[in-house]
>>> print(open('coords38.cif').read())   # mmCIF, C-alpha atoms and all ligand atoms
data_model
loop_
_atom_site.label_atom_id
_atom_site.label_comp_id
_atom_site.auth_asym_id
_atom_site.auth_seq_id
_atom_site.Cartn_x
_atom_site.Cartn_y
_atom_site.Cartn_z
CA MET A 1 0.00 0.00 0.00
CA ALA A 2 1.39 3.34 -1.00
CA GLY A 3 -0.17 5.67 1.56
CA GLN A 4 0.22 6.05 5.30
CA THR A 5 -3.36 7.09 5.97
CA CYS A 6 -6.36 5.84 4.11
CA VAL A 7 -10.07 6.54 4.50
CA VAL A 8 -12.80 4.13 3.50
CA VAL A 9 -16.17 5.75 2.83
CA GLY A 10 -19.45 4.43 1.53
CA SER A 11 -20.08 6.17 -1.78
CA GLN A 12 -23.83 5.50 -2.05
CA TRP A 13 -26.58 5.15 0.60
CA GLY A 14 -24.63 2.83 2.90
CA ASP A 15 -24.45 -0.97 2.92
CA GLU A 16 -21.80 -1.02 0.20
CA GLY A 17 -19.67 -3.66 1.92
CA LYS A 18 -17.33 -1.45 3.91
CA GLY A 19 -16.81 -4.03 6.66
CA LYS A 20 -15.67 -6.64 4.17
CA VAL A 21 -13.23 -4.27 2.47
CA VAL A 22 -11.85 -2.90 5.75
CA ASP A 23 -11.33 -6.44 7.04
CA TYR A 24 -9.54 -7.30 3.78
CA LEU A 25 -7.30 -4.23 4.05
CA ALA A 26 -6.74 -4.29 7.82
CA SER A 27 -3.81 -6.72 7.84
CA ASP A 28 -1.81 -4.02 6.07
CA PHE A 29 -2.67 -1.36 8.65
CA GLN A 30 -1.63 -0.93 12.27
CA ALA A 31 -4.76 0.95 13.33
CA VAL A 32 -8.40 1.12 12.19
CA VAL A 33 -10.50 4.06 13.41
CA ARG A 34 -14.27 4.59 13.45
CA TYR A 35 -14.96 8.34 13.46
CA GLN A 36 -18.74 8.92 12.96
CA GLY A 37 -22.13 7.27 13.29
CA GLY A 38 -22.95 4.68 15.88
CA ASN A 39 -24.63 1.31 16.10
CA ASN A 40 -26.90 2.27 13.21
CA ALA A 41 -24.05 0.79 11.14
CA GLY A 42 -23.84 -2.93 10.53
CA HIS A 43 -20.51 -4.00 9.09
CA THR A 44 -20.59 -7.65 8.08
CA VAL A 45 -17.37 -9.64 8.02
CA ILE A 46 -17.21 -13.30 6.98
CA ILE A 47 -14.03 -15.19 7.80
CA ASN A 48 -13.73 -18.91 7.03
CA GLY A 49 -17.48 -19.10 6.61
CA GLU A 50 -18.16 -17.52 10.01
CA LYS A 51 -20.23 -14.35 9.89
CA SER A 52 -19.85 -11.51 12.38
CA VAL A 53 -21.75 -8.22 12.30
CA LEU A 54 -19.98 -5.26 13.87
CA HIS A 55 -21.93 -2.16 14.80
CA LEU A 56 -19.41 -0.06 16.74
CA ILE A 57 -16.09 -1.86 16.90
CA PRO A 58 -13.86 -1.21 13.87
CA SER A 59 -13.55 -4.07 11.39
CA GLY A 60 -9.80 -4.31 12.05
CA ILE A 61 -10.58 -6.24 15.24
CA PHE A 62 -10.10 -9.54 13.40
CA SER A 63 -6.53 -8.66 12.43
CA PRO A 64 -3.89 -9.51 14.99
CA ASN A 65 -1.72 -6.57 16.08
CA CYS A 66 -4.19 -3.98 14.81
CA LEU A 67 -5.25 -1.19 17.18
CA ASN A 68 -8.94 -0.40 16.87
CA VAL A 69 -10.09 3.04 17.89
CA ILE A 70 -13.62 4.32 18.48
CA ALA A 71 -12.88 8.01 18.16
CA HIS A 72 -14.72 11.01 19.63
CA GLY A 73 -17.01 11.58 16.62
CA VAL A 74 -18.86 8.33 17.25
CA VAL A 75 -22.08 8.11 19.28
CA ILE A 76 -21.86 5.06 21.53
CA GLU A 77 -24.66 3.01 23.03
CA PRO A 78 -22.62 1.54 25.92
CA GLU A 79 -24.84 -1.51 26.35
CA ALA A 80 -24.53 -2.37 22.66
CA LEU A 81 -20.77 -1.90 22.86
CA VAL A 82 -20.41 -4.18 25.88
CA LYS A 83 -22.52 -6.81 24.08
CA GLU A 84 -20.36 -6.51 20.97
CA ILE A 85 -17.19 -6.99 23.02
CA GLU A 86 -18.74 -10.07 24.64
CA MET A 87 -19.87 -11.42 21.25
CA LEU A 88 -16.29 -11.20 19.96
CA GLN A 89 -14.89 -12.73 23.15
CA SER A 90 -17.30 -15.66 22.73
CA LYS A 91 -15.55 -16.25 19.38
CA ASN A 92 -12.26 -16.55 21.27
CA LEU A 93 -11.00 -13.16 20.15
CA SER A 94 -8.99 -11.39 22.78
CA ILE A 95 -10.34 -7.86 23.29
CA THR A 96 -8.01 -5.80 25.46
CA PRO A 97 -6.90 -2.17 25.67
CA ARG A 98 -4.04 -3.25 23.41
CA ASN A 99 -6.41 -3.78 20.47
CA LEU A 100 -9.40 -1.58 21.38
CA ILE A 101 -9.59 1.94 22.76
CA ILE A 102 -12.59 4.19 23.21
CA SER A 103 -12.28 7.97 23.19
CA PRO A 104 -13.35 9.61 26.46
CA ALA A 105 -14.89 12.39 24.33
CA ALA A 106 -17.24 10.12 22.36
CA THR A 107 -20.93 10.84 22.93
CA VAL A 108 -23.14 8.41 24.85
CA ILE A 109 -26.49 7.34 23.44
CA THR A 110 -28.80 7.46 26.45
CA SER A 111 -32.11 5.64 26.94
CA TYR A 112 -33.78 9.02 26.41
CA ALA A 113 -32.23 9.46 22.97
CA LYS A 114 -33.38 6.02 21.92
CA LEU A 115 -36.90 6.64 23.20
CA MET A 116 -37.04 10.01 21.39
CA ASP A 117 -35.94 8.42 18.11
CA LEU A 118 -38.58 5.69 18.32
CA ALA A 119 -41.31 8.06 19.53
CA ARG A 120 -40.74 10.43 16.62
CA GLU A 121 -40.71 7.65 14.06
CA ASN A 122 -43.92 6.20 15.48
CA THR A 123 -45.86 9.45 15.65
CA ALA A 124 -48.47 9.57 12.92
CA ASP A 125 -48.02 13.22 11.92
CA ALA A 126 -44.22 13.32 12.16
CA GLN A 127 -41.99 13.20 9.10
CA LYS A 128 -40.85 9.60 9.01
CA ILE A 129 -37.17 9.17 8.15
CA GLY A 130 -37.11 5.41 8.52
CA THR A 131 -34.27 5.58 11.05
CA THR A 132 -32.64 2.51 12.53
CA GLY A 133 -34.28 3.46 15.87
CA LYS A 134 -30.93 3.44 17.68
CA GLY A 135 -31.14 7.00 18.99
CA ILE A 136 -28.52 8.37 16.61
CA GLY A 137 -30.25 11.65 15.67
CA PRO A 138 -31.24 12.71 19.22
CA SER A 139 -27.72 11.89 20.46
CA TYR A 140 -26.09 14.15 17.90
CA GLU A 141 -28.72 16.76 18.86
CA ASP A 142 -27.58 16.41 22.50
CA LYS A 143 -23.99 16.87 21.39
CA VAL A 144 -24.64 20.00 19.34
CA ALA A 145 -26.86 21.40 22.11
CA ARG A 146 -23.93 20.93 24.55
CA ARG A 147 -25.86 18.72 26.95
CA ALA A 148 -24.59 15.29 25.87
CA ILE A 149 -23.21 12.65 28.20
CA LYS A 150 -19.66 11.80 27.19
CA ILE A 151 -17.91 8.46 27.67
CA SER A 152 -15.66 10.08 30.32
CA ASP A 153 -18.79 10.87 32.36
CA LEU A 154 -19.53 7.17 32.74
CA ILE A 155 -16.64 6.93 35.18
CA ASN A 156 -17.37 10.15 37.00
CA ALA A 157 -20.54 9.80 39.07
CA ASN A 158 -20.72 13.50 40.01
CA THR A 159 -20.73 14.89 36.50
CA LEU A 160 -22.91 12.07 35.25
CA LYS A 161 -25.60 12.85 37.83
CA GLN A 162 -25.54 16.58 37.11
CA LYS A 163 -25.72 16.08 33.38
CA LEU A 164 -28.43 13.44 33.56
CA GLU A 165 -30.60 15.67 35.73
CA PHE A 166 -30.27 18.46 33.18
CA LEU A 167 -30.92 16.13 30.25
CA TRP A 168 -33.86 14.45 31.94
CA LYS A 169 -35.80 17.65 32.51
CA GLU A 170 -36.21 18.42 28.83
CA ARG A 171 -36.25 14.92 27.41
CA ALA A 172 -38.75 13.60 29.95
CA PHE A 173 -41.03 16.57 29.36
CA LEU A 174 -41.09 15.92 25.61
CA LEU A 175 -41.39 12.16 25.99
CA PHE A 176 -44.26 12.36 28.53
CA GLN A 177 -46.12 15.41 27.27
CA LEU A 178 -45.57 15.46 23.54
CA TYR A 179 -45.19 11.81 22.66
CA GLY A 180 -47.13 10.17 25.50
CA VAL A 181 -44.34 7.71 26.30
CA LYS A 182 -45.07 6.17 29.68
CA ASN A 183 -41.93 4.33 30.68
CA VAL A 184 -39.22 6.94 30.81
CA PRO A 185 -36.42 5.81 33.15
CA ARG A 186 -35.82 8.10 36.13
CA VAL A 187 -32.40 9.69 36.57
CA GLU A 188 -31.42 7.22 39.33
CA GLU A 189 -32.27 4.24 37.14
CA GLU A 190 -30.36 5.55 34.11
CA MET A 191 -27.48 6.54 36.38
CA THR A 192 -27.14 3.04 37.86
CA ARG A 193 -27.29 1.47 34.40
CA LEU A 194 -24.66 3.80 32.93
CA ILE A 195 -22.28 3.58 35.89
CA ASP A 196 -22.42 -0.18 35.69
CA LEU A 197 -21.65 -0.11 31.96
CA GLY A 198 -18.91 2.46 32.58
CA LYS A 199 -17.14 0.01 34.90
CA LYS A 200 -17.07 -2.56 32.11
CA LEU A 201 -15.77 -0.08 29.55
CA GLN A 202 -13.30 1.73 31.82
CA PRO A 203 -10.22 -0.33 30.83
CA PHE A 204 -10.70 0.68 27.21
CA ILE A 205 -11.24 4.41 27.74
CA GLN A 206 -8.21 6.28 26.53
CA GLU A 207 -7.54 9.45 24.56
CA GLU A 208 -6.75 8.56 20.94
CA ILE A 209 -4.30 11.34 20.11
CA GLU A 210 -1.04 9.92 21.43
CA MET A 211 -1.93 6.39 20.46
CA LEU A 212 -2.55 7.47 16.86
CA ASP A 213 0.62 9.59 16.78
CA ALA A 214 2.56 6.52 17.92
CA VAL A 215 1.03 4.37 15.18
CA ALA A 216 1.60 7.06 12.53
CA SER A 217 5.29 7.32 13.40
CA LYS A 218 5.92 3.82 12.10
CA GLY A 219 2.77 2.48 10.52
CA LYS A 220 -0.44 3.01 8.66
CA ILE A 221 -3.88 4.13 9.79
CA LEU A 222 -7.18 3.23 8.18
CA PHE A 223 -10.27 5.34 8.92
CA GLU A 224 -13.46 3.32 8.59
CA GLY A 225 -16.51 5.35 7.59
CA ALA A 226 -20.07 4.26 8.25
CA GLN A 227 -23.22 4.80 6.11
CA GLY A 228 -22.58 6.55 2.77
CA VAL A 229 -22.07 9.90 1.03
CA MET A 230 -25.77 10.35 0.19
CA LEU A 231 -26.69 9.94 3.88
CA ASP A 232 -24.35 12.78 4.97
CA ILE A 233 -26.14 15.37 7.10
CA ASP A 234 -24.79 18.21 4.91
CA PHE A 235 -24.06 16.67 1.50
CA GLY A 236 -26.78 14.00 1.52
CA THR A 237 -30.37 13.78 0.37
CA TYR A 238 -31.69 15.85 3.30
CA PRO A 239 -33.86 15.24 5.31
CA PHE A 240 -33.58 11.52 4.53
CA VAL A 241 -30.06 11.27 5.90
CA THR A 242 -28.27 10.22 9.05
CA SER A 243 -27.08 12.81 11.58
CA SER A 244 -23.33 12.74 11.01
CA ASN A 245 -20.85 13.68 8.29
CA THR A 246 -20.30 10.50 6.34
CA THR A 247 -18.11 12.21 3.74
CA LEU A 248 -14.37 12.76 4.02
CA GLY A 249 -14.74 15.88 6.19
CA GLY A 250 -16.14 13.75 9.00
CA VAL A 251 -12.70 12.21 9.53
CA TYR A 252 -11.16 15.52 10.50
CA THR A 253 -13.80 16.43 13.05
CA GLY A 254 -14.59 12.91 14.25
CA SER A 255 -11.05 11.74 14.88
CA TYR A 256 -7.58 13.03 15.44
CA VAL A 257 -5.66 12.76 12.15
CA PRO A 258 -1.88 12.71 12.67
CA GLY A 259 -0.31 15.48 10.62
CA LEU A 260 -3.79 16.17 9.14
CA LYS A 261 -2.65 14.02 6.27
CA ILE A 262 -4.90 11.69 4.28
CA ASP A 263 -3.28 9.84 1.39
CA ARG A 264 -6.09 7.80 -0.09
CA VAL A 265 -9.88 7.83 0.00
CA ILE A 266 -11.43 4.57 -1.14
CA GLY A 267 -15.09 4.78 -2.10
CA ILE A 268 -16.79 1.49 -1.41
CA THR A 269 -19.32 1.08 -4.18
CA LYS A 270 -21.83 -1.68 -4.65
CA ALA A 271 -22.09 -2.77 -8.30
CA TYR A 272 -25.73 -1.65 -8.10
CA THR A 273 -27.56 0.75 -5.74
CA THR A 274 -29.53 0.01 -2.59
CA ARG A 275 -31.31 2.13 -0.06
CA VAL A 276 -33.03 1.33 3.21
CA GLY A 277 -35.39 3.63 5.10
CA GLU A 278 -37.47 6.46 3.64
CA GLY A 279 -36.43 8.71 0.76
CA ALA A 280 -36.38 8.14 -2.99
CA PHE A 281 -33.35 7.23 -5.07
CA PRO A 282 -33.18 7.90 -8.80
CA SER A 283 -32.20 4.45 -10.09
CA GLU A 284 -34.72 2.46 -8.04
CA LEU A 285 -36.21 -0.52 -9.88
CA ASN A 286 -39.79 -1.17 -8.84
CA ASN A 287 -40.00 -4.30 -10.94
CA GLU A 288 -38.94 -7.95 -11.16
CA THR A 289 -35.31 -7.05 -11.82
CA GLY A 290 -35.22 -5.02 -8.62
CA ASP A 291 -36.75 -7.94 -6.74
CA LEU A 292 -34.23 -10.34 -8.27
CA ILE A 293 -31.27 -8.17 -7.28
CA GLN A 294 -32.72 -7.91 -3.76
CA LYS A 295 -33.06 -11.69 -3.57
CA ASN A 296 -29.71 -12.59 -5.16
CA GLY A 297 -27.87 -9.99 -3.12
CA GLN A 298 -29.63 -10.95 0.13
CA GLU A 299 -30.34 -7.28 0.57
CA PHE A 300 -31.58 -7.06 4.14
CA GLY A 301 -30.32 -4.43 6.62
CA ALA A 302 -27.57 -5.83 8.87
CA THR A 303 -28.85 -3.74 11.79
CA THR A 304 -32.62 -3.76 11.36
CA GLY A 305 -33.29 -6.71 9.02
CA ARG A 306 -35.36 -4.43 6.76
CA LYS A 307 -35.51 -5.21 3.03
CA ARG A 308 -33.27 -2.89 1.03
CA ARG A 309 -34.68 -1.33 -2.13
CA CYS A 310 -32.54 -2.01 -5.21
CA GLY A 311 -31.70 -0.30 -8.50
CA TRP A 312 -28.99 0.03 -11.14
CA LEU A 313 -25.63 1.64 -10.51
CA ASP A 314 -26.03 5.42 -10.64
CA LEU A 315 -23.04 7.12 -12.25
CA ALA A 316 -24.53 10.60 -11.82
CA GLN A 317 -24.74 9.96 -8.08
CA LEU A 318 -21.25 8.46 -7.94
CA LYS A 319 -19.76 11.39 -9.83
CA TYR A 320 -21.06 13.60 -7.03
CA ALA A 321 -19.63 11.23 -4.40
CA VAL A 322 -16.19 11.36 -6.04
CA LYS A 323 -16.31 15.15 -5.96
CA VAL A 324 -17.60 15.82 -2.47
CA SER A 325 -15.71 13.06 -0.70
CA GLY A 326 -12.45 13.38 -2.64
CA LEU A 327 -12.42 9.72 -3.67
CA THR A 328 -9.10 8.62 -5.14
CA GLU A 329 -10.25 5.11 -6.09
CA LEU A 330 -13.13 2.68 -5.87
CA ALA A 331 -13.67 -0.76 -4.43
CA LEU A 332 -16.51 -2.34 -6.39
CA THR A 333 -18.42 -4.91 -4.38
CA LYS A 334 -21.09 -7.58 -4.95
CA VAL A 335 -20.46 -7.75 -8.68
CA ASP A 336 -21.39 -11.46 -8.48
CA VAL A 337 -25.01 -10.43 -7.77
CA LEU A 338 -25.30 -8.90 -11.26
CA MET A 339 -23.76 -11.90 -13.03
CA ASN A 340 -26.16 -13.85 -15.25
CA LEU A 341 -29.04 -11.52 -14.46
CA GLY A 342 -29.89 -11.22 -18.15
CA SER A 343 -29.90 -7.42 -18.29
CA LEU A 344 -27.76 -4.53 -17.15
CA ALA A 345 -27.99 -0.75 -17.19
CA VAL A 346 -26.53 2.27 -15.44
CA VAL A 347 -27.88 5.76 -14.81
CA LYS A 348 -25.60 8.05 -16.81
CA ALA A 349 -27.25 11.42 -16.16
CA TYR A 350 -30.26 13.10 -14.57
CA LYS A 351 -33.05 15.10 -16.13
CA TYR A 352 -34.24 17.62 -13.58
CA HIS A 353 -36.89 20.26 -14.22
CA GLY A 354 -36.23 19.99 -17.95
CA GLN A 355 -32.43 20.23 -17.82
CA VAL A 356 -29.83 17.45 -18.12
CA TYR A 357 -27.14 17.12 -15.43
CA ASP A 358 -24.13 14.79 -15.44
CA ARG A 359 -24.17 14.53 -11.65
CA TYR A 360 -26.36 15.06 -8.60
CA ARG A 361 -26.51 18.69 -7.54
CA LEU A 362 -26.96 20.06 -4.02
CA GLY A 363 -30.58 20.92 -3.37
CA MET A 364 -32.10 18.57 -5.96
CA ASN A 365 -35.28 16.91 -4.78
CA VAL A 366 -34.42 13.26 -5.48
CA ALA A 367 -38.07 12.34 -5.98
CA GLU A 368 -38.21 14.73 -8.96
CA ILE A 369 -35.09 13.43 -10.73
CA GLU A 370 -35.70 11.52 -13.96
CA PRO A 371 -32.84 9.06 -14.47
CA ILE A 372 -31.35 8.74 -17.96
CA LEU A 373 -30.45 5.11 -18.44
CA GLU A 374 -27.80 3.48 -20.58
CA SER A 375 -28.11 -0.23 -21.38
CA LEU A 376 -24.98 -2.35 -21.19
CA PRO A 377 -24.21 -5.98 -22.13
CA PRO A 378 -25.31 -8.26 -19.25
CA LEU A 379 -22.56 -9.56 -16.98
CA GLU A 380 -21.64 -13.20 -17.49
CA GLY A 381 -18.74 -15.60 -16.93
CA VAL A 382 -16.84 -16.61 -13.83
CA ILE A 383 -14.50 -14.56 -11.67
CA GLU A 384 -11.70 -16.48 -9.98
CA GLU A 385 -9.08 -15.87 -7.33
CA SER A 386 -5.96 -13.89 -8.32
CA MET A 387 -7.43 -12.64 -11.61
CA LYS A 388 -6.00 -9.40 -12.93
CA LYS A 389 -8.18 -6.84 -14.73
CA ASN A 390 -7.11 -8.36 -18.06
CA ASP A 391 -8.21 -11.88 -17.05
CA LEU A 392 -11.75 -10.86 -16.10
CA PRO A 393 -14.72 -11.95 -18.22
CA VAL A 394 -15.08 -9.35 -21.00
CA SER A 395 -18.48 -8.10 -19.83
CA VAL A 396 -17.12 -7.47 -16.32
CA ALA A 397 -13.97 -5.76 -17.64
CA ASN A 398 -16.17 -3.54 -19.83
CA TYR A 399 -18.43 -2.67 -16.90
CA ILE A 400 -15.41 -1.60 -14.86
CA ALA A 401 -14.02 0.37 -17.81
CA ARG A 402 -17.36 2.18 -18.22
CA ILE A 403 -17.34 3.19 -14.55
CA GLU A 404 -13.72 4.31 -14.64
CA LYS A 405 -14.29 6.37 -17.79
CA GLU A 406 -17.21 8.24 -16.25
CA LEU A 407 -15.70 8.79 -12.82
CA ASN A 408 -12.10 9.29 -13.84
CA ILE A 409 -10.70 7.25 -10.95
CA PRO A 410 -9.59 3.60 -10.98
CA VAL A 411 -11.43 0.58 -9.60
CA GLN A 412 -8.68 -0.88 -7.40
CA PHE A 413 -10.60 -3.67 -5.71
CA LEU A 414 -13.32 -6.02 -6.89
CA ALA A 415 -15.35 -8.12 -4.45
CA TYR A 416 -17.20 -11.00 -6.07
CA GLY A 417 -18.55 -12.94 -3.06
CA PRO A 418 -19.01 -12.54 0.69
CA GLN A 419 -15.89 -14.44 1.79
CA ARG A 420 -12.68 -12.67 2.73
CA HIS A 421 -10.74 -14.34 -0.13
CA GLN A 422 -13.33 -13.34 -2.76
CA THR A 423 -11.72 -9.93 -3.27
CA LEU A 424 -9.35 -9.00 -6.08
CA LYS A 425 -6.79 -6.25 -5.71
CA PHE A 426 -5.59 -4.74 -9.00
P1 LIG B 501 -30.39 6.85 11.57
O1 LIG B 501 -28.95 6.90 11.22
O2 LIG B 501 -30.77 5.64 12.38
O3 LIG B 501 -30.88 8.13 12.17
O4 LIG B 501 -31.23 6.68 10.20
C1 LIG B 501 -31.31 7.72 9.23
C2 LIG B 501 -31.30 7.14 7.82
O5 LIG B 501 -30.04 6.56 7.54
C3 LIG B 501 -32.32 6.02 7.59
O6 LIG B 501 -32.78 6.08 6.27
C4 LIG B 501 -31.50 4.75 7.78
O7 LIG B 501 -32.06 3.65 7.08
C5 LIG B 501 -30.18 5.19 7.17
N1 LIG B 501 -29.05 4.45 7.72
C6 LIG B 501 -28.44 4.62 8.92
N2 LIG B 501 -27.42 3.78 9.07
C7 LIG B 501 -27.35 3.07 7.93
C8 LIG B 501 -26.47 2.05 7.48
O8 LIG B 501 -25.52 1.64 8.14
N3 LIG B 501 -26.70 1.57 6.22
C9 LIG B 501 -27.72 2.04 5.46
N4 LIG B 501 -28.57 2.99 5.83
C10 LIG B 501 -28.38 3.49 7.07
#
>>> encode(input="coords38.cif", output="structure tokens")
Amino acid sequence: MAGQTCVVVGSQWGDEGKGKVVDYLASDFQAVVRYQGGNNAGHTVIINGEKSVLHLIPSGIFSPNCLNVIAHGVVIEPEALVKEIEMLQSKNLSITPRNLIISPAATVITSYAKLMDLARENTADAQKIGTTGKGIGPSYEDKVARRAIKISDLINANTLKQKLEFLWKERAFLLFQLYGVKNVPRVEEEMTRLIDLGKKLQPFIQEEIEMLDAVASKGKILFEGAQGVMLDIDFGTYPFVTSSNTTLGGVYTGSYVPGLKIDRVIGITKAYTTRVGEGAFPSELNNETGDLIQKNGQEFGATTGRKRRCGWLDLAQLKYAVKVSGLTELALTKVDVLMNLGSLAVVKAYKYHGQVYDRYRLGMNVAEIEPILESLPPLEGVIEESMKKNDLPVSVANYIARIEKELNIPVQFLAYGPQRHQTLKF
């Protein structure tokens, strides 16, 4: 690997296969850092046929000698994190402060945030976002409103109590009065729960700055993004987005970056498009082909189990992702799902209010975009281990060439199955 620091971002609406790619890359890196989002993410890793879904812990945890960092930009549900640590330990992985650290400045997802998220989504007259129901939005609200509980507070009973009392006043009022939620935990109850979880997490709590400087002085750091460019709170298809910056900028605010230097930004890109939750997407296929892709690709949310909606690859959307997230290369995943499907197309441009655009533009209402499709020869043949670009079946090589021509960056990785070894590096 050429660079010292590399960022992996989802270049679509999430679920592009970031976990698989990060796991594949991790052996070459000495640290993997999560810097935004929370346990709304579900990063699936399959090693020797054994599947693990990670929600908060970086996907480098399966690589020996790799330091995994949950940096301060992440919102952490401490109970979910403890469960995830225990799940990995039950697979005989050793999880210690040598391979996992948690930033003291990361934000805690409280019971109140989770209840708020669910209450809003379940209220008939509210605007439904189709969230994962994990309390992500209200936790980032707490953070921006300067009333959030931080991970460091879990081991400091005095500050925790003060902050919880403050938080409770407003949250409980809204939950009781506005949303009619009956079972809102009292401060004492939430306090006991969080202190108990804090004791379990305490060994891992450590500031990430010096640790990352130490890694950078002799090794390589991989920043693992969650969700995707189009779900970014600023650059995404607002309001149907998540509440963090999923684009490159999120790395700089969500983690410490030694020397502020990023060498590579790999856009993880599914060979087609999927979306889960509310909000339109231009290339959606509401037909048998869409259903077939959903079935062949086993497109169910790793966190919520919801069916993902499917459509063709959208080059106009990806062109935007390359621009706003500074992608230097792509990793194309799940290409096997499109093989032998019988048809293939891509969205090459958008028609919007009578005008043609080669990429998504800020402020476009996605529901009003008319996709302009280009038909391509269907993908067929077999992809095998160690193939180079030249050895690939012609239809696959042509598909890659079409993408590269439009986006002007190379496809450096090709994943053609869920297993760790089913990834080609060009
Ligand atoms: P939230 O992040 O739970 O608030 O959900 C906001 C939107 O982002 C919803 O449409 C979710 O379906 C979507 N979302 C959040 N996390 C993921 C993910 O990891 N993959 C795909 N979509 C996600």
>>> residues_near_ligand(input="coords38.cif", ligand="ligand LIG 501 (chain B)", cutoff="9 Å", atoms="only C-alpha atoms and all ligand atoms", output="PyMOL selection string")
chain A and resi 13-16+37-43+55+117+129-138+226-228+231-232+239-244+274-279+301-304+306+308
>>> closest_atom_pairs(input="coords38.cif", of="stretch 13-40 of chain A", to="stretch 415-419 of chain A", cutoff="10 Å", atoms="only C-alpha atoms", output="CSV")
residue,atom,partner,partner_atom,distance
A:Gly17,CA,A:Ala415,CA,8.9
A:Lys20,CA,A:Pro418,CA,7.6
A:Val21,CA,A:Ala415,CA,8.2
A:Tyr24,CA,A:Gln419,CA,9.8
>>> write_last_selection(input="coords38.cif", atoms="C-alpha atoms", output="mmCIF file, in the frame of the given file")
data_model
loop_
_atom_site.group_PDB
_atom_site.id
_atom_site.type_symbol
_atom_site.label_atom_id
_atom_site.label_comp_id
_atom_site.auth_asym_id
_atom_site.auth_seq_id
_atom_site.Cartn_x
_atom_site.Cartn_y
_atom_site.Cartn_z
ATOM 1 C CA GLY A 17 -19.670 -3.660 1.920
ATOM 2 C CA LYS A 20 -15.670 -6.640 4.170
ATOM 3 C CA VAL A 21 -13.230 -4.270 2.470
ATOM 4 C CA TYR A 24 -9.540 -7.300 3.780
#
>>> residues_around(input="coords38.cif", residues="A:Val356", least_positions_apart="4", cutoff="10 Å", atoms="only C-alpha atoms", output="PyMOL selection string")
chain A and resi 349-352+369-372
>>> write_last_selection(input="coords38.cif", atoms="C-alpha atoms", output="PDB file, keeping the file's coordinate frame")
ATOM      1  CA  ALA A 349     -27.250  11.420 -16.160  1.00  0.00           C
ATOM      2  CA  TYR A 350     -30.260  13.100 -14.570  1.00  0.00           C
ATOM      3  CA  LYS A 351     -33.050  15.100 -16.130  1.00  0.00           C
ATOM      4  CA  TYR A 352     -34.240  17.620 -13.580  1.00  0.00           C
ATOM      5  CA  ILE A 369     -35.090  13.430 -10.730  1.00  0.00           C
ATOM      6  CA  GLU A 370     -35.700  11.520 -13.960  1.00  0.00           C
ATOM      7  CA  PRO A 371     -32.840   9.060 -14.470  1.00  0.00           C
ATOM      8  CA  ILE A 372     -31.350   8.740 -17.960  1.00  0.00           C
TER       9      ILE A 372
END
>>> atom_distance(input="coords38.cif", atom1="atom CA of A:Gly354", atom2="atom CA of A:Lys319")
20.3 Å
>>> residues_around(input="coords38.cif", residues="A:Gly198", least_positions_apart="4", cutoff="6 Å", atoms="only C-alpha atoms", output="PDB file with C-alpha atoms, in the coordinates of the input")
ATOM      1  CA  LEU A 154     -19.530   7.170  32.740  1.00  0.00           C
ATOM      2  CA  ILE A 155     -16.640   6.930  35.180  1.00  0.00           C
ATOM      3  CA  LEU A 194     -24.660   3.800  32.930  1.00  0.00           C
ATOM      4  CA  GLN A 202     -13.300   1.730  31.820  1.00  0.00           C
TER       5      GLN A 202
END
